[in-house]
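**Q** Data: final.tsv, TSV, C-alpha atoms.
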```tsv
chain	number	residue	atom	x	y	z
A	21	MET	CA	88.96	58.91	-51.75
A	22	PRO	CA	88.65	57.38	-55.25
A	23	THR	CA	86.35	59.16	-57.69
A	24	PRO	CA	83.02	57.31	-57.88
A	25	GLY	CA	82.14	55.59	-61.15
A	26	ARG	CA	79.29	56.60	-63.42
A	27	ALA	CA	76.89	53.96	-62.05
A	28	GLU	CA	77.48	55.15	-58.51
A	29	ILE	CA	76.98	58.78	-59.51
A	30	PHE	CA	73.80	57.87	-61.40
A	31	GLN	CA	72.39	56.13	-58.34
A	32	LYS	CA	73.02	59.15	-56.12
A	33	VAL	CA	71.59	61.53	-58.73
A	34	ARG	CA	68.55	59.27	-58.96
A	35	GLU	CA	68.02	59.36	-55.18
A	36	THR	CA	68.41	63.15	-55.24
A	37	LEU	CA	65.77	63.54	-57.96
A	38	VAL	CA	63.36	61.10	-56.29
A	39	ASP	CA	63.51	63.24	-53.14
A	40	ALA	CA	63.46	66.62	-54.86
A	41	LEU	CA	60.70	65.93	-57.37
A	42	SER	CA	58.67	63.25	-55.59
A	43	VAL	CA	58.94	60.90	-58.55
A	44	GLU	CA	59.26	57.12	-58.59
A	45	GLU	CA	62.73	55.64	-58.85
A	46	ASP	CA	61.98	53.84	-62.12
A	47	GLU	CA	60.94	57.12	-63.76
A	48	VAL	CA	64.48	58.45	-63.30
A	49	THR	CA	66.25	57.02	-66.34
A	50	GLU	CA	69.32	58.43	-68.10
A	51	GLU	CA	67.11	59.77	-70.91
A	52	ALA	CA	64.38	61.31	-68.75
A	53	VAL	CA	64.08	65.09	-69.21
A	54	LEU	CA	63.83	66.87	-65.87
A	55	THR	CA	61.17	69.33	-66.98
A	56	THR	CA	58.93	67.44	-69.38
A	57	ASP	CA	59.31	63.90	-68.01
A	58	LEU	CA	59.88	64.47	-64.30
A	59	GLY	CA	57.83	67.65	-63.84
A	60	ALA	CA	60.66	69.90	-62.62
A	61	GLU	CA	59.95	73.64	-62.58
A	62	SER	CA	62.60	76.35	-62.59
A	63	ILE	CA	62.37	76.61	-58.81
A	64	ASP	CA	63.17	72.90	-58.51
A	65	PHE	CA	66.54	73.48	-60.19
A	66	LEU	CA	67.60	75.62	-57.21
A	67	ASP	CA	66.66	72.82	-54.86
A	68	ILE	CA	68.32	70.15	-57.02
A	69	VAL	CA	71.58	72.15	-57.20
A	70	PHE	CA	71.70	72.43	-53.39
A	71	ARG	CA	70.96	68.73	-52.98
A	72	LEU	CA	73.67	67.75	-55.49
A	73	GLU	CA	76.19	70.01	-53.78
A	74	LYS	CA	75.47	68.27	-50.50
A	75	ALA	CA	75.32	64.73	-51.88
A	76	PHE	CA	78.63	65.00	-53.74
A	77	ASN	CA	80.35	67.66	-51.65
A	78	ILE	CA	80.87	69.93	-54.64
A	79	LYS	CA	80.15	73.57	-55.49
A	80	ILE	CA	77.93	74.25	-58.50
A	81	PRO	CA	78.02	77.85	-59.72
A	82	GLN	CA	74.74	78.57	-61.51
A	83	GLU	CA	76.58	79.77	-64.64
A	84	GLU	CA	78.30	76.42	-65.08
A	85	LEU	CA	75.10	74.44	-65.21
A	86	ILE	CA	73.15	76.93	-67.39
A	87	PRO	CA	75.33	79.66	-68.96
A	88	ARG	CA	72.75	82.44	-68.84
A	89	ASP	CA	75.30	85.01	-70.02
A	90	ILE	CA	75.27	83.29	-73.43
A	91	LEU	CA	71.48	83.05	-73.51
A	92	SER	CA	71.12	86.75	-72.75
A	93	ASN	CA	73.92	87.96	-75.06
A	94	ALA	CA	72.47	90.14	-77.82
A	95	ASP	CA	75.23	88.97	-80.22
A	96	TYR	CA	74.03	85.39	-79.90
A	97	VAL	CA	70.26	85.74	-79.73
A	98	GLU	CA	67.87	86.69	-82.52
A	99	ASN	CA	64.11	86.54	-81.93
A	100	ARG	CA	64.71	84.49	-78.76
A	101	LYS	CA	66.65	81.89	-80.75
A	102	LEU	CA	70.38	81.27	-80.56
A	103	ASN	CA	72.29	81.89	-83.77
A	104	ALA	CA	75.10	79.66	-85.04
A	105	THR	CA	77.81	81.53	-83.11
A	106	GLY	CA	75.68	81.32	-79.99
A	107	ILE	CA	75.25	77.58	-80.41
A	108	GLN	CA	79.03	77.15	-80.72
A	109	ALA	CA	79.51	79.20	-77.54
A	110	LEU	CA	76.85	77.14	-75.76
A	111	LYS	CA	78.47	73.87	-76.83
A	112	ALA	CA	81.80	75.04	-75.43
A	113	ALA	CA	80.18	76.12	-72.17
A	114	MET	CA	78.02	73.01	-71.76
A	115	PRO	CA	80.16	69.98	-72.59
A	116	HIS	CA	77.94	67.98	-70.20
A	117	ALA	CA	74.84	68.40	-72.39
A	118	ASP	CA	73.74	66.76	-75.62
A	119	LEU	CA	72.56	69.78	-77.60
A	120	SER	CA	71.68	67.96	-80.84
A	121	ALA	CA	67.89	68.26	-80.35
A	122	PHE	CA	68.14	71.85	-79.09
A	123	GLU	CA	70.16	72.83	-82.16
A	124	LYS	CA	67.21	72.05	-84.42
A	125	ASP	CA	65.03	74.59	-82.62
A	126	PRO	CA	67.38	76.72	-80.48
A	127	ASP	CA	64.59	78.56	-78.66
A	128	ILE	CA	66.24	79.97	-75.51
A	129	ASP	CA	63.03	79.45	-73.55
A	130	LYS	CA	63.46	75.71	-74.09
A	131	ILE	CA	67.01	75.46	-72.76
A	132	SER	CA	65.90	73.60	-69.64
A	133	ASP	CA	64.71	70.75	-71.89
A	134	VAL	CA	68.36	69.81	-72.54
A	135	PHE	CA	68.62	68.69	-68.93
A	136	THR	CA	68.17	64.97	-68.91
A	137	VAL	CA	69.19	62.88	-65.95
A	138	GLY	CA	72.23	61.86	-68.04
A	139	THR	CA	73.20	65.53	-68.42
A	140	ILE	CA	73.24	65.94	-64.67
A	141	VAL	CA	75.30	62.75	-64.26
A	142	ASN	CA	77.80	64.01	-66.86
A	143	PHE	CA	78.03	67.35	-65.11
A	144	VAL	CA	78.67	65.80	-61.69
A	145	GLN	CA	81.16	63.33	-63.15
A	146	ALA	CA	83.16	66.16	-64.75
A	147	LYS	CA	83.04	68.18	-61.51
A	148	LEU	CA	84.32	65.27	-59.45
A	149	ALA	CA	87.06	64.51	-61.97
A	150	ALA	CA	88.19	68.14	-61.92
A	151	GLN	CA	88.32	68.06	-58.13
A	152	SER	CA	90.38	64.90	-57.77
B	25	MET	CA	44.74	91.56	-39.60
B	26	ARG	CA	48.45	91.82	-40.49
B	27	TRP	CA	50.24	88.99	-42.27
B	28	ILE	CA	52.82	88.50	-39.56
B	29	TRP	CA	52.99	85.04	-38.04
B	30	ILE	CA	55.81	85.54	-35.58
B	31	ASP	CA	55.75	87.87	-32.57
B	32	ARG	CA	59.37	88.30	-31.57
B	33	PHE	CA	62.89	87.10	-32.24
B	34	ASP	CA	64.53	85.38	-29.30
B	35	GLU	CA	67.79	84.54	-31.05
B	36	PHE	CA	69.41	85.90	-34.16
B	37	VAL	CA	72.84	84.74	-35.22
B	38	PRO	CA	73.44	86.46	-38.58
B	39	GLY	CA	73.98	84.04	-41.45
B	40	GLN	CA	73.39	81.01	-39.26
B	41	ARG	CA	70.25	80.65	-37.16
B	42	ALA	CA	67.26	82.45	-35.77
B	43	VAL	CA	64.57	81.61	-33.26
B	44	ALA	CA	61.24	83.40	-33.31
B	45	VAL	CA	58.34	83.05	-30.91
B	46	LYS	CA	54.66	82.93	-31.83
B	47	ASN	CA	51.93	83.21	-29.22
B	48	VAL	CA	48.71	81.62	-30.42
B	49	SER	CA	45.65	83.56	-29.28
B	50	LEU	CA	41.89	83.19	-29.59
B	51	ALA	CA	41.89	86.83	-30.65
B	52	GLU	CA	43.00	85.53	-34.08
B	53	GLU	CA	39.91	85.40	-36.23
B	54	HIS	CA	40.88	82.37	-38.25
B	55	LEU	CA	40.92	80.09	-35.22
B	56	HIS	CA	37.16	80.50	-34.93
B	57	ASP	CA	36.72	78.96	-38.35
B	58	HIS	CA	39.50	76.41	-38.06
B	59	PHE	CA	37.53	74.78	-36.53
B	60	PRO	CA	34.24	75.97	-34.97
B	61	GLY	CA	34.26	74.64	-31.42
B	62	TYR	CA	37.75	73.16	-31.81
B	63	PRO	CA	40.29	75.88	-32.57
B	64	LEU	CA	43.57	74.65	-34.02
B	65	MET	CA	46.50	76.65	-35.41
B	66	PRO	CA	46.54	75.67	-39.12
B	67	ALA	CA	49.71	73.83	-40.07
B	68	SER	CA	49.95	76.03	-43.18
B	69	LEU	CA	50.32	79.09	-40.96
B	70	LEU	CA	53.02	77.36	-38.94
B	71	VAL	CA	54.82	76.85	-42.25
B	72	GLU	CA	54.32	80.57	-42.93
B	73	GLY	CA	55.75	81.44	-39.50
B	74	MET	CA	58.81	79.37	-40.30
B	75	ALA	CA	59.07	81.00	-43.75
B	76	GLN	CA	59.06	84.43	-42.10
B	77	THR	CA	61.65	83.43	-39.50
B	78	ALA	CA	63.94	81.78	-42.05
B	79	GLY	CA	63.22	84.38	-44.74
B	80	ILE	CA	64.36	87.26	-42.52
B	81	LEU	CA	67.44	85.24	-41.55
B	82	VAL	CA	68.28	84.72	-45.25
B	83	GLY	CA	67.47	88.32	-46.20
B	84	GLU	CA	69.74	89.71	-43.49
B	85	VAL	CA	72.76	87.97	-45.04
B	86	ARG	CA	72.76	90.59	-47.79
B	87	GLN	CA	71.30	93.36	-45.65
B	88	PHE	CA	67.84	92.95	-47.20
B	89	SER	CA	69.06	94.12	-50.58
B	90	GLU	CA	67.70	90.96	-52.26
B	91	LYS	CA	64.08	90.06	-52.69
B	92	VAL	CA	63.88	86.72	-50.95
B	93	ILE	CA	60.79	84.68	-51.67
B	94	LEU	CA	59.71	81.24	-50.54
B	95	ALA	CA	60.34	78.98	-53.52
B	96	LYS	CA	59.67	75.52	-52.21
B	97	VAL	CA	58.55	73.66	-49.13
B	98	LYS	CA	60.92	70.69	-49.18
B	99	ARG	CA	59.41	69.07	-46.15
B	100	ALA	CA	56.63	69.88	-43.69
B	101	THR	CA	56.02	67.22	-41.08
B	102	PHE	CA	53.87	67.79	-38.01
B	103	HIS	CA	53.74	65.60	-34.92
B	104	GLN	CA	51.46	67.59	-32.61
B	105	ILE	CA	48.57	70.03	-32.87
B	106	VAL	CA	48.88	73.64	-31.70
B	107	ARG	CA	46.03	75.28	-29.78
B	108	PRO	CA	45.17	78.73	-28.43
B	109	GLY	CA	47.33	79.60	-25.43
B	110	ASP	CA	50.33	77.75	-26.80
B	111	GLN	CA	53.61	79.45	-27.43
B	112	VAL	CA	55.62	77.96	-30.29
B	113	ARG	CA	59.23	78.58	-31.19
B	114	HIS	CA	60.35	78.58	-34.82
B	115	GLU	CA	63.98	77.58	-34.99
B	116	ALA	CA	65.53	78.15	-38.45
B	117	VAL	CA	69.03	77.28	-39.63
B	118	ILE	CA	70.67	78.21	-42.94
B	119	GLU	CA	71.99	75.01	-44.52
B	120	GLN	CA	73.18	76.39	-47.87
B	121	ILE	CA	73.21	79.80	-49.48
B	122	SER	CA	74.31	81.00	-52.92
B	123	ALA	CA	73.85	84.09	-55.06
B	124	ALA	CA	70.62	82.62	-56.42
B	125	ALA	CA	69.03	80.85	-53.49
B	126	ALA	CA	69.12	79.53	-49.93
B	127	ALA	CA	68.07	76.31	-48.23
B	128	THR	CA	67.00	76.25	-44.60
B	129	THR	CA	66.00	73.59	-42.10
B	130	GLY	CA	63.54	74.34	-39.35
B	131	ARG	CA	62.04	72.91	-36.23
B	132	ILE	CA	58.97	74.10	-34.39
B	133	TRP	CA	58.86	73.60	-30.63
B	134	ARG	CA	56.41	74.01	-27.77
B	135	GLY	CA	58.70	73.99	-24.76
B	136	GLN	CA	60.75	70.82	-25.14
B	137	GLU	CA	58.17	69.17	-27.36
B	138	LEU	CA	58.87	68.93	-31.08
B	139	ILE	CA	55.79	70.06	-32.99
B	140	GLY	CA	57.07	69.86	-36.54
B	141	GLU	CA	59.90	70.08	-39.05
B	142	VAL	CA	59.81	72.47	-41.98
B	143	ASP	CA	62.62	72.62	-44.56
B	144	LEU	CA	62.46	75.39	-47.13
B	145	VAL	CA	64.14	76.75	-50.25
B	146	PHE	CA	64.21	80.49	-50.89
B	147	SER	CA	64.91	82.20	-54.19
B	148	HIS	CA	66.67	85.52	-54.61
B	149	ILE	CA	64.31	86.45	-57.39
B	150	ASP	CA	66.34	89.17	-59.07
B	151	GLN	CA	68.99	86.53	-59.77
B	152	ASN	CA	66.53	84.03	-61.18
B	153	LEU	CA	63.48	83.41	-63.31
B	154	SER	CA	65.20	83.97	-66.64
B	155	GLY	CA	65.78	87.66	-66.32
B	156	LEU	CA	62.18	88.60	-65.50
B	157	GLU	CA	62.19	92.08	-64.05
B	158	PHE	CA	60.71	92.97	-60.69
B	159	PRO	CA	59.98	96.35	-59.14
B	160	GLU	CA	62.98	98.19	-57.72
B	161	GLU	CA	61.55	98.51	-54.24
B	162	ASN	CA	61.94	95.56	-51.94
B	163	PHE	CA	58.33	94.45	-51.56
B	164	VAL	CA	59.37	91.42	-49.52
B	165	PHE	CA	61.08	93.11	-46.63
B	166	THR	CA	58.65	95.84	-45.79
B	167	ALA	CA	58.97	98.04	-42.72
B	168	GLN	CA	56.59	95.70	-40.88
B	169	PHE	CA	59.05	92.84	-41.05
B	170	LEU	CA	62.09	94.90	-40.27
B	171	GLU	CA	60.38	96.20	-37.14
B	172	LEU	CA	60.46	92.64	-35.85
B	173	LEU	CA	64.23	92.61	-35.89
B	174	LYS	CA	64.42	95.98	-34.18
B	175	THR	CA	62.70	94.43	-31.19
B	176	TYR	CA	65.50	91.89	-30.92
B	177	ARG	CA	67.88	93.36	-28.38
B	178	ARG	CA	68.99	90.54	-26.15
B	179	ASN	CA	72.40	92.01	-25.85
B	180	PRO	CA	72.65	95.73	-26.58
B	181	THR	CA	76.09	95.26	-28.13
B	182	GLU	CA	74.74	92.78	-30.69
B	183	SER	CA	73.89	94.55	-33.87
B	184	ILE	CA	71.75	93.46	-36.74
B	185	ARG	CA	72.33	95.84	-39.61
B	186	LEU	CA	69.08	97.21	-41.00
```
Write out the structure in this file as structure tokens.
**A**
Amino acid sequence: MPTPGRAEIFQKVRETLVDALSVEEDEVTEEAVLTTDLGAESIDFLDIVFRLEKAFNIKIPQEELIPRDILSNADYVENRKLNATGIQALKAAMPHADLSAFEKDPDIDKISDVFTVGTIVNFVQAKLAAQS
Amino acid sequence: MRWIWIDRFDEFVPGQRAVAVKNVSLAEEHLHDHFPGYPLMPASLLVEGMAQTAGILVGEVRQFSEKVILAKVKRATFHQIVRPGDQVRHEAVIEQISAAAAATTGRIWRGQELIGEVDLVFSHIDQNLSGLEFPEENFVFTAQFLELLKTYRRNPTESIRL
């Protein structure tokens, strides 16, 4: 089966988020942040991961989506903020995310704000490419 | 009153599915308030019965070592009302399970009649919630709940590890 294109992946991600978060389709744009724009809570991420796994027939280990080992590593975190080494490690572990805004205030409690719809699409796209 | 909304397991296939029975009785205080003169089993308590059935099914996968809590009601649709004297069957199936969570689908029956559908997500809380710490003891799976599984002995050779 050919790997689906970005538009096709986006559409499926959009349907998944509409169902999981009870939001309107037009609210689910590439730039929309799952937490602040679409109202997702941490619990919703568990549901979304399961739904994406099913929709795309992929496996999503929790550490791949959010590398909590980096965020809880004492070498990388000072006063609940990631230091420069930590940010480099995070960038390497999260190629699917645009971390430019997070870098300005790398508060680890705000990590879920990096998850835009586009981030999820990137993640799925990379997963599917790795599988094919 | 004890917070147990299932009476007995009728089927228990570890890691896959479980069926629990609930007998609805006018001895339950809440039915006299919901509603006076017209007792109905509240749909929210049918959701709870399904959460207990599915929650025990999920907890058993790791021998009740995880604290499994109901994280999300993905869907709760009801087609019929349930009244005193009815016996309902909660049929729960594990759809997906990971280190962090589990998703289940469920159907509630009265005989052959479909009463409702309840799909749930459970969280293994020690693996989640940004490293928040919870008490060591498993406050989810208390002795009360585990007793329910001990009564399940359809086939004496079947064993549910407790």
**Q** Please check the contacts: residues of chain A at most 7 Å away from chain B, using only C-alpha atoms, listed as a CSV table (one decimal) with C-alpha atoms, keeping the file's coordinate frame.
**A**
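out-v5.csv, freshly written:
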```csv
chain,number,residue,atom,x,y,z
A,63,ILE,CA,62.4,76.6,-58.8
A,66,LEU,CA,67.6,75.6,-57.2
A,67,ASP,CA,66.7,72.8,-54.9
A,70,PHE,CA,71.7,72.4,-53.4
```
**Q** Kindly extract all protein, DNA and RNA residues lying within 12 Å of the coordinates (76.4, 88.7, -82.1) given in the file, considering all atoms listed in the file, and supply them as a ChimeraX atom specification.
**A** /A:90-98,101-109
**Q** Could you tell me which of B:Leu69, B:Ala75, B:Val37, B:Ile93 comes closest to His148 in chain B if we count all atoms listed in the file?
**A** B:Ile93
**Q** From (63.3, 85.5, -30.6), in the file's coordinates, out to 6 Å: which residues are reached, counting all atoms listed in the file? Answer as a PyMOL selection string.
**A** chain B and resi 32-35+43-45
**Q** Excluding Glu52 in chain B and any residue of its chain fewer than 2 positions from it, enumerate the residues within 10 Å of it, using all atoms listed in the file, and give them as a PyMOL selection string.
**A** chain B and resi 25+48-50+54-56+65+108
**Q** Just write the chosen residues, C-alpha atoms, as an mmCIF file, in the coordinates of the input.
**A**
```cif
data_model
loop_
_atom_site.group_PDB
_atom_site.id
_atom_site.type_symbol
_atom_site.label_atom_id
_atom_site.label_comp_id
_atom_site.auth_asym_id
_atom_site.auth_seq_id
_atom_site.Cartn_x
_atom_site.Cartn_y
_atom_site.Cartn_z
ATOM 1 C CA MET B 25 44.740 91.560 -39.600
ATOM 2 C CA VAL B 48 48.710 81.620 -30.420
ATOM 3 C CA SER B 49 45.650 83.560 -29.280
ATOM 4 C CA LEU B 50 41.890 83.190 -29.590
ATOM 5 C CA HIS B 54 40.880 82.370 -38.250
ATOM 6 C CA LEU B 55 40.920 80.090 -35.220
ATOM 7 C CA HIS B 56 37.160 80.500 -34.930
ATOM 8 C CA MET B 65 46.500 76.650 -35.410
ATOM 9 C CA PRO B 108 45.170 78.730 -28.430
#
```
**Q** Which is closer to Val142 in chain B than all the others in B:Thr166, B:Thr175, B:Gln87, B:Thr129, using only C-alpha atoms?
**A**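 Closest to Val142 in chain B, using only C-alpha atoms: B:Thr129.
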**Q** Give me the box for range 81-85 of chain A as lines of an AutoDock Vina configuration file, namely the centre and edge lengths in Å to one decimal of a box along x, y and z that holds every listed atom plus 6 Å on each side.
**A**
```
center_x = 76.5
center_y = 77.1
center_z = -62.5
size_x = 15.6
size_y = 17.3
size_z = 17.5
```
